[in-house]
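Undergrad: Quick one: the structure is below, and I'll ask about it shortly.
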Amino acid sequence: MKEIRTERLTIVPFELKYLNDYYNGFDKEITKYQYPDSFDSVEAAETLLQEFIDEMDRGEMLFLAILDPNGEFAGGLEVHGLAEEYPELGIWLKKDFQGKGYAYEALRSVLQYLNQTCQKEWYVYEADIRNKPSIGLVAKFSCRKEGLDEFTTESGKELKLQRYLINVK
């Protein structure tokens with residue numbers, strides 16, 4: 001994948017040149033209702049993000065950077081398990097970019113790309129039921145609820161993840 005252009009965004013494969021933006025933006029507030037935690041160090045971020053890049057290079061996932069109209073890093077979008085029956089979607093935006101419709105625009109365009117390239121009918125999207133913006137985002141798509149998973153992460157976060165299947169056909 002080279003890039004996806006929307007009306008306001010450019011979505012490109014993630015490169016380590018976005019490392020510091022990712023590390024600084026993916027903070028405790030952003031990860032409050034997500035399974036992953038913020039990174040302890042830029043080195044820890046680099047290690048994990050390089051693993052994602054390697055998985056993308058092997059065709060196992062998409063790991064994408066969302067860029068605003070000025071080319072500024074606005075957030076990340078992942079599609080894990082491309083070989084699975086139901087690949088899993090993940091998206092986050094830096095605080096300055098939230099509430100502007102960017103998440104919907106990015107996710108919609110990536111789902112359109114996936115519909116043409118992967119031929120999957122459903123994609124998994126999980127959102128904590130207390131995360132109103134994420135629940136609102138998934139509601140904009142043709143989807144169905146598949147169950148609620150309540151648990152405590154290794155770091156002590158109590159999550160209530162609603163599982164959705166988004167249909168792209």
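Chains: A, B, ... in order of the structure tokens. Residues: from 1 per chain. Ligands: from 1, in order shown.
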Could you give me, as a tab-separated table (two decimals) with all heavy atoms, in the first residue's frame, the residues within 10 Å of range 41-49 of chain A, counting only C-alpha atoms and dropping anything in the same chain fewer than 2 positions from it?
TA:
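Resulting contents of around.tsv:
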chain	number	residue	atom	x	y	z
A	14	PHE	N	3.15	3.48	8.19
A	14	PHE	CA	3.90	4.11	9.27
A	14	PHE	C	5.39	3.92	9.05
A	14	PHE	O	5.84	2.86	8.66
A	14	PHE	CB	3.49	3.50	10.62
A	14	PHE	CG	4.11	4.20	11.79
A	14	PHE	CD1	3.49	5.29	12.36
A	14	PHE	CD2	5.34	3.80	12.30
A	14	PHE	CE1	4.05	5.95	13.44
A	14	PHE	CE2	5.92	4.45	13.36
A	14	PHE	CZ	5.27	5.54	13.93
A	15	GLU	N	6.13	4.98	9.32
A	15	GLU	CA	7.59	4.94	9.29
A	15	GLU	C	8.10	5.49	10.62
A	15	GLU	O	7.42	6.29	11.27
A	15	GLU	CB	8.12	5.81	8.16
A	15	GLU	CG	7.69	5.37	6.78
A	15	GLU	CD	8.20	6.34	5.72
A	15	GLU	OE1	9.43	6.56	5.66
A	15	GLU	OE2	7.36	6.89	4.99
A	16	LEU	N	9.30	5.10	10.98
A	16	LEU	CA	9.85	5.56	12.25
A	16	LEU	C	10.12	7.06	12.31
A	16	LEU	O	10.36	7.60	13.37
A	16	LEU	CB	11.11	4.77	12.61
A	16	LEU	CG	10.84	3.33	13.07
A	16	LEU	CD1	12.15	2.61	13.37
A	16	LEU	CD2	9.91	3.29	14.27
A	19	LEU	N	8.02	8.46	14.89
A	19	LEU	CA	8.18	7.87	16.22
A	19	LEU	C	7.90	8.85	17.35
A	19	LEU	O	7.12	8.57	18.25
A	19	LEU	CB	9.59	7.27	16.37
A	19	LEU	CG	9.97	6.78	17.77
A	19	LEU	CD1	9.06	5.65	18.21
A	19	LEU	CD2	11.43	6.35	17.80
A	20	ASN	N	8.55	10.00	17.34
A	20	ASN	CA	8.39	10.94	18.46
A	20	ASN	C	6.96	11.48	18.54
A	20	ASN	O	6.42	11.65	19.64
A	20	ASN	CB	9.39	12.09	18.36
A	20	ASN	CG	10.79	11.63	18.72
A	20	ASN	OD1	10.98	10.76	19.57
A	20	ASN	ND2	11.78	12.17	18.04
A	22	TYR	N	4.28	9.85	17.60
A	22	TYR	CA	3.49	8.73	18.11
A	22	TYR	C	3.70	8.61	19.62
A	22	TYR	O	2.73	8.56	20.40
A	22	TYR	CB	3.90	7.43	17.41
A	22	TYR	CG	2.90	6.31	17.54
A	22	TYR	CD1	2.15	5.90	16.46
A	22	TYR	CD2	2.71	5.63	18.75
A	22	TYR	CE1	1.24	4.86	16.56
A	22	TYR	CE2	1.82	4.59	18.85
A	22	TYR	CZ	1.08	4.22	17.76
A	22	TYR	OH	0.17	3.19	17.86
A	23	TYR	N	4.95	8.58	20.02
A	23	TYR	CA	5.29	8.43	21.44
A	23	TYR	C	4.66	9.54	22.28
A	23	TYR	O	4.05	9.28	23.33
A	23	TYR	CB	6.81	8.42	21.61
A	23	TYR	CG	7.26	8.48	23.04
A	23	TYR	CD1	7.12	7.39	23.88
A	23	TYR	CD2	7.81	9.65	23.57
A	23	TYR	CE1	7.52	7.44	25.20
A	23	TYR	CE2	8.21	9.71	24.88
A	23	TYR	CZ	8.06	8.61	25.71
A	23	TYR	OH	8.46	8.68	27.02
A	24	ASN	N	4.77	10.77	21.85
A	24	ASN	CA	4.25	11.90	22.62
A	24	ASN	C	2.72	11.96	22.59
A	24	ASN	O	2.10	12.40	23.57
A	24	ASN	CB	4.84	13.22	22.10
A	24	ASN	CG	6.30	13.32	22.41
A	24	ASN	OD1	6.77	12.92	23.46
A	24	ASN	ND2	7.07	13.86	21.46
A	26	PHE	N	0.57	9.30	22.11
A	26	PHE	CA	-0.05	8.09	22.65
A	26	PHE	C	0.16	8.06	24.16
A	26	PHE	O	0.89	7.24	24.70
A	26	PHE	CB	0.56	6.87	21.95
A	26	PHE	CG	-0.23	5.60	22.07
A	26	PHE	CD1	-1.45	5.47	21.43
A	26	PHE	CD2	0.25	4.53	22.81
A	26	PHE	CE1	-2.18	4.28	21.52
A	26	PHE	CE2	-0.47	3.35	22.90
A	26	PHE	CZ	-1.68	3.23	22.26
A	38	SER	N	0.32	3.60	27.48
A	38	SER	CA	1.31	4.49	26.89
A	38	SER	C	2.69	3.86	27.12
A	38	SER	O	2.85	2.94	27.91
A	38	SER	CB	1.22	5.88	27.54
A	38	SER	OG	1.41	5.78	28.93
A	39	PHE	N	3.67	4.38	26.41
A	39	PHE	CA	5.01	3.79	26.48
A	39	PHE	C	5.81	4.38	27.63
A	39	PHE	O	5.70	5.57	27.94
A	39	PHE	CB	5.74	4.06	25.15
A	39	PHE	CG	5.08	3.42	23.98
A	39	PHE	CD1	4.34	4.18	23.08
A	39	PHE	CD2	5.20	2.06	23.75
A	39	PHE	CE1	3.73	3.61	21.98
A	39	PHE	CE2	4.60	1.46	22.65
A	39	PHE	CZ	3.85	2.24	21.77
A	51	GLU	N	8.22	-3.62	15.43
A	51	GLU	CA	7.58	-4.93	15.27
A	51	GLU	C	6.35	-4.82	14.38
A	51	GLU	O	6.11	-5.68	13.52
A	51	GLU	CB	7.19	-5.51	16.64
A	51	GLU	CG	8.36	-5.97	17.47
A	51	GLU	CD	7.96	-6.43	18.87
A	51	GLU	OE1	6.75	-6.66	19.12
A	51	GLU	OE2	8.85	-6.54	19.72
A	52	PHE	N	5.55	-3.77	14.57
A	52	PHE	CA	4.38	-3.55	13.72
A	52	PHE	C	4.80	-3.31	12.26
A	52	PHE	O	4.17	-3.84	11.33
A	52	PHE	CB	3.55	-2.37	14.22
A	52	PHE	CG	2.72	-2.64	15.44
A	52	PHE	CD1	2.03	-1.61	16.04
A	52	PHE	CD2	2.61	-3.90	16.00
A	52	PHE	CE1	1.24	-1.83	17.16
A	52	PHE	CE2	1.83	-4.14	17.13
A	52	PHE	CZ	1.13	-3.10	17.70
A	53	ILE	N	5.84	-2.53	12.06
A	53	ILE	CA	6.33	-2.29	10.70
A	53	ILE	C	6.76	-3.60	10.05
A	53	ILE	O	6.45	-3.87	8.89
A	53	ILE	CB	7.50	-1.27	10.71
A	53	ILE	CG1	6.96	0.13	11.08
A	53	ILE	CG2	8.22	-1.24	9.37
A	53	ILE	CD1	8.06	1.15	11.39
A	54	ASP	N	7.46	-4.44	10.82
A	54	ASP	CA	7.90	-5.74	10.30
A	54	ASP	C	6.71	-6.62	9.95
A	54	ASP	O	6.72	-7.30	8.91
A	54	ASP	CB	8.80	-6.44	11.32
A	54	ASP	CG	10.13	-5.72	11.54
A	54	ASP	OD1	10.50	-4.85	10.70
A	54	ASP	OD2	10.79	-6.01	12.56
A	55	GLU	N	5.67	-6.61	10.81
A	55	GLU	CA	4.46	-7.39	10.51
A	55	GLU	C	3.78	-6.88	9.24
A	55	GLU	O	3.26	-7.66	8.44
A	55	GLU	CB	3.48	-7.33	11.69
A	55	GLU	CG	3.91	-8.14	12.88
A	55	GLU	CD	2.91	-8.07	14.03
A	55	GLU	OE1	1.69	-8.04	13.77
A	55	GLU	OE2	3.35	-8.06	15.18
A	63	PHE	N	-0.21	-1.03	9.30
A	63	PHE	CA	0.15	-0.09	10.37
A	63	PHE	C	0.35	1.25	9.68
A	63	PHE	O	1.30	1.45	8.94
A	63	PHE	CB	1.43	-0.57	11.06
A	63	PHE	CG	1.88	0.32	12.18
A	63	PHE	CD1	0.97	0.94	13.03
A	63	PHE	CD2	3.23	0.53	12.40
A	63	PHE	CE1	1.39	1.75	14.07
A	63	PHE	CE2	3.66	1.34	13.43
A	63	PHE	CZ	2.74	1.95	14.27
Undergrad: I need the alpha helix (DSSP H) residues of chain A per DSSP on the backbone, written as a PyMOL selection string.
TA: chain A and resi 19-25+42-57+102-117+132-139
Undergrad: Leaving out range 75-82 of chain A and any residue of its chain fewer than 3 positions from it, which residues lie within 6 Å of it when counting only C-alpha atoms, given as a list in words?
TA: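 Neighbouring residues, sequence-local ones excluded: Glu60, Met61, Leu62, Phe63, Leu64, Ala65, Ile66, Pro87, Glu88, Leu89, Gly90, Ile91, Trp92, Leu93 and Lys94 of chain A.
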Undergrad: Write the residues of the preceding selection, restricted to N, CA and C atoms, as a CSV table (one decimal), in the first residue's frame.
TA:
chain,number,residue,atom,x,y,z
A,60,GLU,N,1.1,-9.2,7.3
A,60,GLU,CA,0.2,-9.7,8.3
A,60,GLU,C,-0.7,-8.6,8.9
A,61,MET,N,-0.4,-7.3,8.7
A,61,MET,CA,-1.2,-6.3,9.2
A,61,MET,C,-1.0,-5.0,8.4
A,62,LEU,N,-1.8,-4.0,8.6
A,62,LEU,CA,-1.6,-2.7,8.2
A,62,LEU,C,-1.3,-1.8,9.4
A,63,PHE,N,-0.2,-1.0,9.3
A,63,PHE,CA,0.2,-0.1,10.4
A,63,PHE,C,0.3,1.3,9.7
A,64,LEU,N,-0.6,2.2,9.9
A,64,LEU,CA,-0.7,3.4,9.1
A,64,LEU,C,-0.6,4.6,10.0
A,65,ALA,N,0.0,5.7,9.3
A,65,ALA,CA,0.0,7.0,9.9
A,65,ALA,C,-1.0,7.8,9.3
A,66,ILE,N,-1.8,8.6,10.1
A,66,ILE,CA,-2.8,9.5,9.6
A,66,ILE,C,-2.2,10.9,9.6
A,87,PRO,N,-10.3,-9.5,10.7
A,87,PRO,CA,-9.2,-8.7,11.1
A,87,PRO,C,-9.7,-7.6,12.1
A,88,GLU,N,-8.8,-7.2,13.0
A,88,GLU,CA,-9.2,-6.2,14.0
A,88,GLU,C,-8.7,-4.8,13.7
A,89,LEU,N,-9.6,-3.8,13.8
A,89,LEU,CA,-9.3,-2.4,13.6
A,89,LEU,C,-8.9,-1.7,14.9
A,90,GLY,N,-8.0,-0.8,14.7
A,90,GLY,CA,-7.7,0.1,15.9
A,90,GLY,C,-7.3,1.5,15.3
A,91,ILE,N,-7.8,2.5,16.0
A,91,ILE,CA,-7.5,3.9,15.5
A,91,ILE,C,-7.4,4.8,16.8
A,92,TRP,N,-6.5,5.7,16.7
A,92,TRP,CA,-6.4,6.8,17.7
A,92,TRP,C,-5.9,8.0,17.1
A,93,LEU,N,-6.3,9.2,17.6
A,93,LEU,CA,-5.9,10.5,17.2
A,93,LEU,C,-5.3,11.3,18.3
A,94,LYS,N,-4.3,12.1,18.0
A,94,LYS,CA,-3.8,13.0,19.0
A,94,LYS,C,-4.9,13.9,19.4
Undergrad: Mind giving me the straight-line distance from CA of Thr153 in chain A to CA of Pro133 in chain A in Å, one decimal?
TA: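 Rounded to one decimal, the two atoms are 21.6 Å apart.
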Undergrad: Just want the 12 Å neighbourhood of Lys100 in chain A, counted on only C-alpha atoms, with same-chain residues fewer than 3 positions away dropped. Output as a short mmCIF file (atom, residue, chain, number, x, y, z; two decimals) with all heavy atoms, in the first residue's frame.
TA:
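Final output, saved to part_15.cif:
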data_model
loop_
_atom_site.label_atom_id
_atom_site.label_comp_id
_atom_site.auth_asym_id
_atom_site.auth_seq_id
_atom_site.Cartn_x
_atom_site.Cartn_y
_atom_site.Cartn_z
N ARG A 8 -9.40 15.44 3.30
CA ARG A 8 -8.53 16.22 4.19
C ARG A 8 -7.30 15.48 4.69
O ARG A 8 -6.42 16.10 5.29
CB ARG A 8 -9.33 16.66 5.43
CG ARG A 8 -10.55 17.49 5.10
CD ARG A 8 -11.31 17.85 6.35
NE ARG A 8 -11.83 16.64 7.00
CZ ARG A 8 -12.27 16.59 8.25
NH1 ARG A 8 -12.27 17.67 8.99
NH2 ARG A 8 -12.73 15.47 8.77
N LEU A 9 -7.21 14.20 4.46
CA LEU A 9 -6.15 13.40 5.08
C LEU A 9 -5.33 12.65 4.04
O LEU A 9 -5.80 12.35 2.95
CB LEU A 9 -6.76 12.38 6.04
CG LEU A 9 -7.63 12.91 7.16
CD1 LEU A 9 -8.30 11.77 7.90
CD2 LEU A 9 -6.82 13.77 8.11
N ASP A 68 -2.54 15.07 8.63
CA ASP A 68 -3.52 16.13 8.38
C ASP A 68 -3.22 16.83 7.06
O ASP A 68 -2.25 16.47 6.36
CB ASP A 68 -3.57 17.10 9.57
CG ASP A 68 -2.45 18.12 9.58
OD1 ASP A 68 -1.48 18.03 8.79
OD2 ASP A 68 -2.54 19.05 10.39
N ALA A 74 -1.23 12.98 12.75
CA ALA A 74 -2.45 13.19 13.52
C ALA A 74 -2.83 11.96 14.35
O ALA A 74 -3.59 12.09 15.32
CB ALA A 74 -3.61 13.54 12.59
N LEU A 93 -6.34 9.15 17.64
CA LEU A 93 -5.92 10.47 17.17
C LEU A 93 -5.34 11.27 18.32
O LEU A 93 -5.81 11.17 19.46
CB LEU A 93 -7.10 11.24 16.58
CG LEU A 93 -7.72 10.70 15.31
CD1 LEU A 93 -8.95 11.51 14.94
CD2 LEU A 93 -6.72 10.70 14.17
N LYS A 94 -4.34 12.07 18.00
CA LYS A 94 -3.81 13.01 18.99
C LYS A 94 -4.94 13.94 19.42
O LYS A 94 -5.88 14.20 18.66
CB LYS A 94 -2.65 13.81 18.39
CG LYS A 94 -1.41 12.96 18.14
CD LYS A 94 -0.31 13.62 17.34
CE LYS A 94 -0.06 15.06 17.55
NZ LYS A 94 1.06 15.58 16.73
N LYS A 95 -4.84 14.45 20.63
CA LYS A 95 -5.91 15.28 21.21
C LYS A 95 -6.32 16.43 20.30
O LYS A 95 -7.51 16.72 20.15
CB LYS A 95 -5.48 15.80 22.57
CG LYS A 95 -5.37 14.74 23.63
CD LYS A 95 -4.87 15.34 24.93
CE LYS A 95 -4.25 14.30 25.80
NZ LYS A 95 -2.83 14.11 25.63
N ASP A 96 -5.36 17.11 19.70
CA ASP A 96 -5.66 18.27 18.85
C ASP A 96 -6.49 17.92 17.63
O ASP A 96 -7.08 18.81 17.01
CB ASP A 96 -4.37 18.94 18.38
CG ASP A 96 -3.58 19.56 19.51
OD1 ASP A 96 -4.12 19.68 20.62
OD2 ASP A 96 -2.42 19.94 19.27
N PHE A 97 -6.56 16.67 17.26
CA PHE A 97 -7.25 16.25 16.05
C PHE A 97 -8.59 15.57 16.33
O PHE A 97 -9.30 15.19 15.40
CB PHE A 97 -6.35 15.34 15.21
CG PHE A 97 -5.13 16.04 14.71
CD1 PHE A 97 -3.92 15.94 15.40
CD2 PHE A 97 -5.19 16.84 13.58
CE1 PHE A 97 -2.80 16.62 14.95
CE2 PHE A 97 -4.06 17.50 13.12
CZ PHE A 97 -2.87 17.40 13.81
N ALA A 103 -11.32 10.76 12.44
CA ALA A 103 -11.32 9.31 12.68
C ALA A 103 -12.27 8.61 11.71
O ALA A 103 -11.92 7.59 11.11
CB ALA A 103 -11.69 9.00 14.13
N TYR A 104 -13.47 9.16 11.55
CA TYR A 104 -14.42 8.56 10.62
C TYR A 104 -13.88 8.60 9.19
O TYR A 104 -13.94 7.61 8.47
CB TYR A 104 -15.77 9.28 10.70
CG TYR A 104 -16.75 8.79 9.67
CD1 TYR A 104 -17.34 7.53 9.79
CD2 TYR A 104 -17.04 9.54 8.55
CE1 TYR A 104 -18.22 7.05 8.82
CE2 TYR A 104 -17.92 9.07 7.58
CZ TYR A 104 -18.50 7.84 7.72
OH TYR A 104 -19.35 7.36 6.76
N GLU A 105 -13.34 9.73 8.79
CA GLU A 105 -12.81 9.88 7.44
C GLU A 105 -11.69 8.88 7.17
O GLU A 105 -11.66 8.23 6.12
CB GLU A 105 -12.30 11.31 7.27
CG GLU A 105 -11.93 11.69 5.87
CD GLU A 105 -11.57 13.17 5.75
OE1 GLU A 105 -12.14 14.01 6.48
OE2 GLU A 105 -10.70 13.48 4.91
N ALA A 106 -10.80 8.72 8.14
CA ALA A 106 -9.68 7.79 7.97
C ALA A 106 -10.16 6.35 7.97
O ALA A 106 -9.78 5.56 7.08
CB ALA A 106 -8.66 8.01 9.09
N PRO A 133 -16.86 8.88 22.33
CA PRO A 133 -16.46 9.16 20.94
C PRO A 133 -16.21 7.89 20.11
O PRO A 133 -16.59 7.83 18.94
CB PRO A 133 -15.18 9.98 21.10
CG PRO A 133 -15.32 10.63 22.43
CD PRO A 133 -16.01 9.60 23.29
N LEU A 137 -18.23 6.69 16.86
CA LEU A 137 -17.54 6.40 15.60
C LEU A 137 -18.06 5.10 14.98
O LEU A 137 -18.43 5.07 13.81
CB LEU A 137 -16.02 6.32 15.82
CG LEU A 137 -15.19 5.86 14.63
CD1 LEU A 137 -15.32 6.82 13.46
CD2 LEU A 137 -13.73 5.70 15.06
#
Undergrad: Hey, what's within 10 Å of Arg130 in chain A if we count only C-alpha atoms and toss same-chain stuff fewer than 5 positions away? As number ranges by chain, please?
TA: A: 33, 135, 159-162
Undergrad: Between CA of Arg108 in chain A and CA of Phe73 in chain A, what is the distance, to one decimal in Å?
TA: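 These two atoms are separated by 18.3 Å.
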Undergrad: Could you tell me which of A:Lys157, A:Lys2, A:Arg163, A:Lys132 comes closest to Pro36 in chain A if we count only C-alpha atoms?
TA: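 Ranked by minimum distance to Pro36 in chain A, first place goes to A:Lys157.
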Undergrad: Could you pull the residues within 10 Å of Met1 in chain A, counting only C-alpha atoms, minus those fewer than 5 positions along the same chain, as a list in words?
TA: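 Once the nearby chain positions are removed, what remains is Ile11, Val12, Pro13, Met56, Leu62, Leu64, Tyr113 and Thr117 of chain A.
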Undergrad: As number ranges by chain, please: every residue in chain A that DSSP puts in strand (DSSP E or B).
TA: A: 4-5, 10-13, 62-67, 73-80, 88-93, 122-128, 143-152, 158-167
Undergrad: Measuring atom to atom with only C-alpha atoms, identify which of A:Ser134, A:Thr10, A:Gln98, A:Gln50 is nearest to Pro69 in chain A.
TA: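 The answer is A:Thr10, which sits nearest to Pro69 in chain A.
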Undergrad: Which residues are near Tyr86 in chain A? Cut-off 7 Å, only C-alpha atoms, ignore same chain within fewer than 4 positions. Put them as a PyMOL selection string.
TA: chain A and resi 122-124
Undergrad: Just N, CA and C atoms for this one: save the residues we selected as a compact mmCIF listing (two decimals), in the first residue's frame.
TA:
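part.txt was written with the following content:
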# COMPACT_ATOMS: atom_id res chain seq x y z
N TRP A 122 -16.33 -8.75 7.25
CA TRP A 122 -16.44 -8.16 8.58
C TRP A 122 -15.07 -7.81 9.15
N TYR A 123 -15.05 -6.75 9.95
CA TYR A 123 -13.85 -6.33 10.69
C TYR A 123 -14.25 -6.10 12.13
N VAL A 124 -13.41 -6.53 13.04
CA VAL A 124 -13.66 -6.35 14.48
C VAL A 124 -13.22 -4.96 14.90
Undergrad: Kindly indicate which residue among A:Leu67, A:Leu114, A:Gln34, A:Gly136 lies nearest to Ser155 in chain A, using only C-alpha atoms for the distances.
TA: A:Gln34
